[in-house]
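Containing CSV, C-alpha atoms: upload34.csv.
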chain,number,residue,atom,x,y,z
A,1,MET,CA,39.5,-59.0,22.4
A,2,ARG,CA,36.5,-58.4,20.1
A,3,PRO,CA,36.4,-55.2,18.1
A,4,LEU,CA,34.5,-52.4,19.9
A,5,THR,CA,32.6,-49.5,18.5
A,6,GLU,CA,33.0,-45.9,19.6
A,7,GLN,CA,29.6,-46.0,21.3
A,8,GLU,CA,30.5,-49.2,23.2
A,9,ILE,CA,33.7,-47.5,24.4
A,10,ARG,CA,32.0,-44.3,25.5
A,11,THR,CA,29.3,-46.1,27.5
A,12,ALA,CA,31.9,-48.4,29.1
A,13,PHE,CA,33.6,-45.8,31.4
A,14,VAL,CA,33.3,-46.5,35.1
A,15,ASN,CA,35.3,-43.6,36.6
A,16,CYS,CA,34.1,-40.5,34.8
A,17,THR,CA,30.8,-38.7,34.1
A,18,LYS,CA,28.7,-39.4,31.0
A,19,GLY,CA,29.6,-35.9,29.8
A,20,GLU,CA,33.3,-36.5,30.2
A,21,ALA,CA,33.0,-39.8,28.3
A,22,LYS,CA,31.1,-38.0,25.5
A,23,ARG,CA,33.9,-35.4,25.1
A,24,LEU,CA,37.0,-37.6,25.3
A,25,SER,CA,39.0,-38.5,22.1
A,26,ILE,CA,38.4,-42.0,20.8
A,27,PRO,CA,41.0,-43.3,18.3
A,28,ARG,CA,39.8,-42.9,14.7
A,29,ASP,CA,41.5,-46.1,13.6
A,30,LEU,CA,39.4,-48.6,15.6
A,31,ALA,CA,38.8,-50.7,12.5
A,32,ASP,CA,42.6,-51.0,12.0
A,33,ARG,CA,43.5,-52.0,15.5
A,34,PRO,CA,45.0,-55.6,15.9
A,35,TRP,CA,42.0,-56.8,17.9
A,36,ASP,CA,43.0,-60.4,17.8
A,37,ASP,CA,46.3,-59.5,19.6
A,38,LEU,CA,44.8,-57.2,22.2
A,39,ASP,CA,44.0,-58.1,25.7
A,40,PHE,CA,42.8,-54.5,26.2
A,41,LEU,CA,42.6,-51.3,24.2
A,42,GLY,CA,44.7,-48.5,25.5
A,43,TRP,CA,45.6,-45.1,24.0
A,44,ARG,CA,46.9,-41.7,24.9
A,45,ASP,CA,44.8,-38.6,24.1
A,46,PRO,CA,46.6,-36.8,21.3
A,47,GLN,CA,44.9,-33.5,22.3
A,48,ALA,CA,45.8,-33.9,26.0
A,49,PRO,CA,49.0,-36.1,26.4
A,50,GLU,CA,48.6,-36.3,30.2
A,51,ARG,CA,45.4,-38.3,29.6
A,52,ALA,CA,45.1,-42.0,28.7
A,53,TYR,CA,42.3,-44.5,28.4
A,54,LEU,CA,42.1,-48.2,29.0
A,55,VAL,CA,39.2,-50.5,27.8
A,56,THR,CA,38.9,-54.2,28.5
A,57,THR,CA,36.2,-56.8,28.7
A,58,LEU,CA,35.1,-57.9,32.2
A,59,ASP,CA,32.3,-60.4,32.8
A,60,GLY,CA,31.5,-60.3,29.0
A,61,ARG,CA,31.0,-56.5,29.0
A,62,PRO,CA,33.3,-53.7,28.0
A,63,LYS,CA,34.7,-51.6,30.9
A,64,ALA,CA,36.8,-48.5,30.5
A,65,LEU,CA,39.0,-46.3,32.7
A,66,GLN,CA,40.1,-42.7,32.3
A,67,LEU,CA,43.7,-42.3,33.4
A,68,ARG,CA,46.1,-39.4,34.2
A,69,CYS,CA,49.7,-39.9,33.3
A,70,PRO,CA,52.0,-37.0,34.0
A,71,SER,CA,54.9,-36.8,31.7
A,72,PRO,CA,58.2,-37.3,33.5
A,73,ALA,CA,60.8,-34.6,33.6
A,74,SER,CA,64.0,-35.4,31.7
A,75,TRP,CA,65.8,-36.1,35.0
A,76,GLN,CA,63.2,-38.8,35.8
A,77,VAL,CA,63.8,-40.9,32.7
A,78,ARG,CA,65.0,-44.2,34.0
A,79,ARG,CA,64.3,-47.9,33.5
A,80,GLY,CA,61.0,-49.1,34.8
A,81,MET,CA,58.8,-52.2,34.6
A,82,CYS,CA,55.2,-52.3,33.6
A,83,SER,CA,53.0,-53.8,36.3
A,84,ILE,CA,50.6,-55.1,33.7
A,85,CYS,CA,52.8,-57.0,31.3
A,86,LEU,CA,56.2,-57.1,33.1
A,87,THR,CA,58.0,-55.4,30.3
A,88,SER,CA,61.0,-53.1,31.1
A,89,HIS,CA,61.6,-49.9,29.3
A,90,THR,CA,64.0,-47.0,29.7
A,91,GLY,CA,61.6,-44.0,29.9
A,92,GLY,CA,58.8,-46.1,28.5
A,93,VAL,CA,56.9,-46.8,31.7
A,94,SER,CA,54.5,-44.2,33.3
A,95,LEU,CA,52.7,-44.0,36.5
A,96,MET,CA,49.1,-44.0,35.4
A,97,VAL,CA,46.5,-42.8,38.0
A,98,ALA,CA,42.8,-43.6,37.8
A,99,PRO,CA,40.2,-41.7,39.8
A,100,LYS,CA,38.2,-44.3,41.8
A,101,ALA,CA,34.7,-45.0,40.6
A,102,ARG,CA,31.6,-43.5,42.1
A,103,GLN,CA,31.6,-41.4,45.3
A,104,ALA,CA,35.2,-42.3,46.2
A,105,GLY,CA,36.4,-40.8,43.0
A,106,GLN,CA,34.3,-37.7,43.5
A,107,GLN,CA,36.1,-37.2,46.8
A,108,GLY,CA,39.4,-37.3,45.0
A,109,ASN,CA,40.5,-40.9,45.8
A,110,SER,CA,42.6,-42.6,43.1
A,111,VAL,CA,44.6,-45.7,42.3
A,112,GLY,CA,47.8,-45.8,40.4
A,113,THR,CA,50.0,-48.4,38.7
A,114,TYR,CA,53.0,-48.4,36.4
A,115,VAL,CA,52.0,-49.2,32.8
A,116,CYS,CA,53.8,-49.1,29.4
A,117,SER,CA,53.6,-45.5,28.3
A,118,ASP,CA,52.2,-46.4,24.9
A,119,LEU,CA,49.7,-48.9,26.5
A,120,ALA,CA,50.9,-51.6,24.0
A,121,CYS,CA,51.3,-54.3,26.7
A,122,SER,CA,49.5,-56.9,24.6
A,123,LEU,CA,51.9,-56.5,21.7
A,124,TYR,CA,55.0,-56.6,24.0
A,125,VAL,CA,53.7,-59.9,25.6
A,126,ARG,CA,53.2,-61.4,22.1
A,127,GLY,CA,56.6,-60.2,20.8
A,128,LYS,CA,54.8,-58.1,18.1
A,129,LYS,CA,56.4,-54.9,19.5
A,130,ASP,CA,60.1,-54.7,20.6
A,131,ALA,CA,60.9,-53.2,24.0
A,132,GLY,CA,64.6,-53.1,23.2
A,133,ALA,CA,67.5,-54.9,24.9
A,134,ASP,CA,66.4,-56.7,28.1
A,135,GLY,CA,62.8,-55.5,27.6
A,136,ARG,CA,61.3,-58.8,28.3
A,137,ILE,CA,62.6,-61.0,31.1
A,138,GLN,CA,63.2,-64.7,30.2
A,139,GLU,CA,60.4,-66.8,31.5
A,140,SER,CA,59.4,-70.4,31.3
A,141,LEU,CA,55.7,-69.5,30.9
A,142,THR,CA,53.9,-70.2,27.7
A,143,LEU,CA,52.4,-67.4,25.7
A,144,GLU,CA,49.0,-68.3,26.9
A,145,GLU,CA,50.1,-68.1,30.5
A,146,LYS,CA,51.7,-64.7,29.9
A,147,VAL,CA,48.5,-63.5,28.3
A,148,ALA,CA,46.4,-64.8,31.2
A,149,ARG,CA,48.7,-63.0,33.6
A,150,THR,CA,48.3,-59.8,31.7
A,151,VAL,CA,44.5,-60.1,31.6
A,152,ALA,CA,44.5,-60.9,35.4
A,153,ASN,CA,46.7,-57.8,36.1
A,154,VAL,CA,44.3,-55.6,34.1
A,155,ALA,CA,41.3,-57.1,35.9
A,156,ALA,CA,43.0,-56.5,39.3
A,157,PHE,CA,43.7,-52.8,38.5
A,158,PHE,CA,40.0,-52.4,37.5
A,159,ALA,CA,39.0,-54.1,40.7
A,160,LYS,CA,41.0,-51.5,42.7
A,161,VAL,CA,39.4,-48.6,40.8
A,162,THR,CA,35.9,-49.9,41.2
A,163,GLY,CA,36.2,-51.5,44.7

Just give me the structure as structure tokens.
Amino acid sequence: MRPLTEQEIRTAFVNCTKGEAKRLSIPRDLADRPWDDLDFLGWRDPQAPERAYLVTTLDGRPKALQLRCPSPASWQVRRGMCSICLTSHTGGVSLMVAPKARQAGQQGNSVGTYVCSDLACSLYVRGKKDAGADGRIQESLTLEEKVARTVANVAAFFAKVTG
């Protein structure tokens, strides 16, 4: 993924108002992110931990989603698998819900998927971040094929939100 500026990120949101996009917390360390290893940029809002954001490039342009991710109660901590990168974690996968774009979202419609709680899917796929014992399933796919699958899964989630 190519490095993005704060302004590019703010204008890329498809499921929130311009005012909401203007007020949300953008990471201050954009220049330090491992852009070459990212298929998408994702982060949790440090000021509102139940909010997360996901930015990717679709059709050559940045697109972004605002997500809600309720924190699980302690009795809900169990092993789960990320629908984006297929990494398993104990307590490290969250149901993230995106309001649908346009009028459907204004009417309260949303789409959800299970995603790594830290939104570091790209780093887990590349082996740059460890998910612990049995975190990554053994596959015969090449790294390029795993990356392509991750990118396709992100694009499919965006299609559900914008469709």

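Every protein, DNA or RNA residue with an atom at most 12 Å from Pro46 in chain A, where only C-alpha atoms count and chain neighbours fewer than 2 positions away do not, is listed here: A:Leu24, A:Ser25, A:Ile26, A:Pro27, A:Arg28, A:Trp43, A:Arg44, A:Ala48, A:Pro49, A:Glu50, A:Arg51, A:Ala52, A:Tyr53, A:Asp118.
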
Set the distance at 9 Å and use only C-alpha atoms: which residues neighbour Gly163 in chain A once local chain neighbours fewer than 4 positions away are removed? I'd like the list as a list of chain:residue names.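 Contacts, in chain order: A:Lys100, A:Ala101, A:Phe158, A:Ala159.
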
Which of these residues is nearest to Cys69 in chain A, using all atoms listed in the file: A:Thr142, A:Arg10, A:Leu95, A:Arg149?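 Closest to Cys69 in chain A of all the choices is A:Leu95.
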
Please list, as a VMD selection string, the residues that have an atom at most 12 Å away from (58.6, -56.9, 36.0) in the coordinates of this file, counting only C-alpha atoms. chain A and resid 79 to 89 93 114 to 116 125 134 to 139 149 to 150 153

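Residues with at least one atom no more than 10 Å from (37.9, -49.2, 30.9), using all atoms listed in the file, are Ile9, Arg10, Thr11, Ala12, Phe13, Val14, Asn15, Phe40, Leu41, Gly42, Tyr53, Leu54, Val55, Thr56, Thr57, Leu58, Pro62, Lys63, Ala64, Leu65, Gln66, Leu67, Val154, Ala155 and Phe158 of chain A.
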
Just to confirm, what's the straight-line distance from CA of Leu38 in chain A to CA of Arg78 in chain A in Å (one decimal)?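 Interatomic distance, CA of Leu38 in chain A to CA of Arg78 in chain A: 26.8 Å.
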
CA of Gly132 in chain A to CA of Val111 in chain A: how many Å, to one decimal? 28.6 Å

If we count all atoms listed in the file, what is near Gln103 in chain A at a cut-off of 12 Å, once residues fewer than 4 positions away on the same chain are taken out, given as a PyMOL selection string? chain A and resi 14-17+99+107-110+161-163
